[in-house]
Amino acid sequence: MQAIEFEAHPHDGVIELPLSTAHQTDQTSPMPITVYTPESSLASPAKLLRDMFRDLLASRELAWRLAVRDISAQYRQAFLGILWAFILPLANTLVWVFLSGSGIVSVGKTALPYPVYVFTGTMLWAIFMDALNAPLQQTSAAKAMLAKLNFPREALIVSGIYQTLFNAGIKIALLLVVLPFMGVDLGWNLLLFPIGLLSLILVGTAVGLLLTPVGLLYTDIGKGLPLLMQFLMYLTPVVFPMPKDGWAATLFAINPLSPLILTARDWLTGFPPAFLGAFVVVNLLALVLLLMVWVVYRLAMPILIERMSA
């Protein structure tokens with residue numbers, strides 16, 4: 001009988017044992033066995049980060065398969081299919097154009113024609129909302145799988161990002177077709193627009209991942225989030241331009257989503273970005289936030305799975 005050799009890391013919280021048996025006849029690498037111990041993974045931050053990025057890379061194929069499955073199911077069960085990706089933003093645009101044109105709502109002057117301003121704003125907001133909702137939706141939908149299978153939890157987050165990118169591609173394709181007919185000249189700034197698009201997904205994913213552990217325990221988060229985000233939309237230059245003065249101007253200015261929407265819209269419609277500095281700062285902070293909440297998500301998932309399985 002062959003002895004089993006293992007290397008213990010008492011401060012890491014995990015013991016990895018390369019499995020070697022007498023039945024192995026080839027020269028393949030030993031199969032690793034992970035033994036979980038009571039010690040916290042935070043005792044070794046460097047190893048925790050290595051494991052996080054290792055699992056992130058290992059989750060790519062599973063995340064892709066999950067995304068393809070969910071996208072196929074989403075549009076196969078809808079009569080209008082992918083049209084729903086932009087029907088809702090288009091309907092929202094028509095409502096606000098009507099309210100503004102009829103004088104029911106007074107909207108300030110915008111550099112773009114107001115229909116273009118609202119249409120692009122609602123499309124960008126819809127992309128942000130998709131990214132925000134994806135982590136909680138994906139993790140909640142996979143409760144049964146999480147309780148029965150051991151797989152990299154990052155696959156659920158990456159799958160949500162894949163789906164957000166797919167839906168965003170449909171929306172942006174529509175915008176690129178419609179904007180020239182609405183009198184917008186697409187200039188070279190359009191080449192920078194993917195940066196604005198990725199920033200919306202980055203910030204949305206970071207905030208959504210922050211809410212996911214609490215949202216798994218309390219369904220109030222998922223139910224109350226749309227109401228909160230609807231209110232926040234009115235404090236973001238989506239359907240209203242940036243106010244010039246007053247308390248509303250202060251709220252718009254301190255809203256971290258304002259530079260994201262404004263910069264992405266400027267790049268999309270050919271205008272030079274007026275809030276580029278704030279845009280960079282928000283994205284750097286979002287990267288830090290994403291790393292922090294990723295650690296929290298990773299540490300919380302075993303506890304959440306145990307509670308969900310009880």
# chains A, B, ... in the order shown; residues from 1 in each chain; ligands from 1
call {"tool": "residues_around", "arguments": {"residues": "Trp96 of chain A", "least_positions_apart": "4", "cutoff": "8 Å", "atoms": "only C-alpha atoms", "output": "list in words"}}
result
Asn92, Ser100, Val118 and Val239 of chain A
call {"tool": "select_by_dssp", "arguments": {"residues": "segment 24-242 of chain A", "states": "helix (DSSP H, G or I)", "output": "JSON, numbers by chain"}}
result
{"A": [41, 42, 43, 45, 46, 47, 48, 49, 50, 51, 52, 53, 54, 55, 56, 57, 58, 60, 61, 62, 63, 64, 65, 66, 67, 68, 69, 70, 71, 72, 73, 74, 75, 76, 81, 82, 83, 84, 85, 86, 87, 88, 89, 90, 91, 92, 93, 94, 95, 96, 97, 98, 99, 100, 101, 114, 115, 116, 117, 118, 119, 120, 121, 122, 123, 124, 125, 126, 127, 128, 129, 130, 131, 132, 133, 134, 135, 136, 137, 138, 139, 140, 141, 143, 144, 145, 146, 147, 148, 154, 155, 156, 157, 158, 159, 160, 161, 162, 163, 164, 165, 166, 167, 168, 169, 170, 171, 172, 173, 174, 175, 176, 177, 178, 179, 180, 181, 182, 188, 189, 190, 191, 192, 193, 194, 195, 196, 197, 198, 199, 200, 201, 202, 203, 204, 205, 206, 207, 208, 209, 210, 211, 212, 213, 214, 215, 216, 217, 220, 221, 222, 223, 224, 225, 226, 227, 228, 229, 230, 231, 232, 233]}
call {"tool": "atom_distance", "arguments": {"atom1": "atom CA of Gln137 of chain A", "atom2": "atom CA of Pro237 of chain A"}}
result
26.5 Å
call {"tool": "closest_residue", "arguments": {"among": "A:Leu304, A:Leu66, A:Leu186, A:Leu149", "to": "Phe271 of chain A", "atoms": "only C-alpha atoms"}}
result
A:Leu186
call {"tool": "residues_around", "arguments": {"residues": "Val288 of chain A", "least_positions_apart": "5", "cutoff": "12 Å", "atoms": "only C-alpha atoms", "output": "list in words"}}
result
Leu202, Val203, Ala206, Val207, Val281, Val282, Asn283, Val293, Trp294 and Val295 of chain A
call {"tool": "closest_residue", "arguments": {"among": "A:Ala147, A:Leu262, A:Ala142, A:Ala155", "to": "Leu200 of chain A", "atoms": "only C-alpha atoms"}}
result
A:Leu262
call {"tool": "atom_distance", "arguments": {"atom1": "atom CA of Arg265 of chain A", "atom2": "atom CA of Leu174 of chain A"}}
result
14.6 Å
call {"tool": "residues_around", "arguments": {"residues": "Pro194 of chain A", "least_positions_apart": "5", "cutoff": "9 Å", "atoms": "only C-alpha atoms", "output": "list in words"}}
result
Ser199, Ala264 and Trp267 of chain A
call {"tool": "write_last_selection", "arguments": {"atoms": "N, CA and C atoms", "output": "short mmCIF file (atom, residue, chain, number, x, y, z; two decimals), in the first residue's frame"}}
result
data_model
loop_
_atom_site.label_atom_id
_atom_site.label_comp_id
_atom_site.auth_asym_id
_atom_site.auth_seq_id
_atom_site.Cartn_x
_atom_site.Cartn_y
_atom_site.Cartn_z
N SER A 199 -17.76 49.94 -17.75
CA SER A 199 -17.81 50.58 -16.43
C SER A 199 -19.18 50.43 -15.78
N ALA A 264 -20.64 57.70 -20.71
CA ALA A 264 -21.02 56.70 -21.71
C ALA A 264 -21.90 57.31 -22.79
N TRP A 267 -19.72 59.56 -25.16
CA TRP A 267 -18.95 58.77 -26.12
C TRP A 267 -19.84 58.15 -27.19
#
call {"tool": "atom_distance", "arguments": {"atom1": "atom CA of Ala278 of chain A", "atom2": "atom CA of Leu191 of chain A"}}
result
20.0 Å
call {"tool": "residues_around", "arguments": {"residues": "Ile254 of chain A", "least_positions_apart": "4", "cutoff": "10 Å", "atoms": "only C-alpha atoms", "output": "list in words"}}
result
Leu235, Thr236, Ala249, Thr250, Ser258 and Pro259 of chain A
call {"tool": "residues_around", "arguments": {"residues": "Lys244 of chain A", "least_positions_apart": "4", "cutoff": "12 Å", "atoms": "only C-alpha atoms", "output": "list in words"}}
result
Gly108, Lys109, Thr110, Phe240, Ala248, Ala249, Thr250, Leu251, Phe252 and Ala253 of chain A
call {"tool": "write_last_selection", "arguments": {"atoms": "C-alpha atoms", "output": "PDB file, in the first residue's frame"}}
result
ATOM      1  CA  GLY A 108     -34.590  71.438 -18.814  1.00  0.00           C
ATOM      2  CA  LYS A 109     -32.637  71.933 -22.004  1.00  0.00           C
ATOM      3  CA  THR A 110     -30.392  69.112 -23.157  1.00  0.00           C
ATOM      4  CA  PHE A 240     -33.531  64.597 -16.553  1.00  0.00           C
ATOM      5  CA  ALA A 248     -31.172  68.668  -6.747  1.00  0.00           C
ATOM      6  CA  ALA A 249     -27.895  69.766  -8.344  1.00  0.00           C
ATOM      7  CA  THR A 250     -26.046  68.601  -5.221  1.00  0.00           C
ATOM      8  CA  LEU A 251     -27.756  65.181  -5.266  1.00  0.00           C
ATOM      9  CA  PHE A 252     -27.011  64.703  -8.951  1.00  0.00           C
ATOM     10  CA  ALA A 253     -23.386  65.742  -8.428  1.00  0.00           C
TER      11      ALA A 253
END
call {"tool": "residues_around", "arguments": {"residues": "Phe128 of chain A", "least_positions_apart": "3", "cutoff": "6 Å", "atoms": "only C-alpha atoms", "output": "list in words"}}
result
Trp125, Ala131, Leu200, Ile201 and Gly204 of chain A
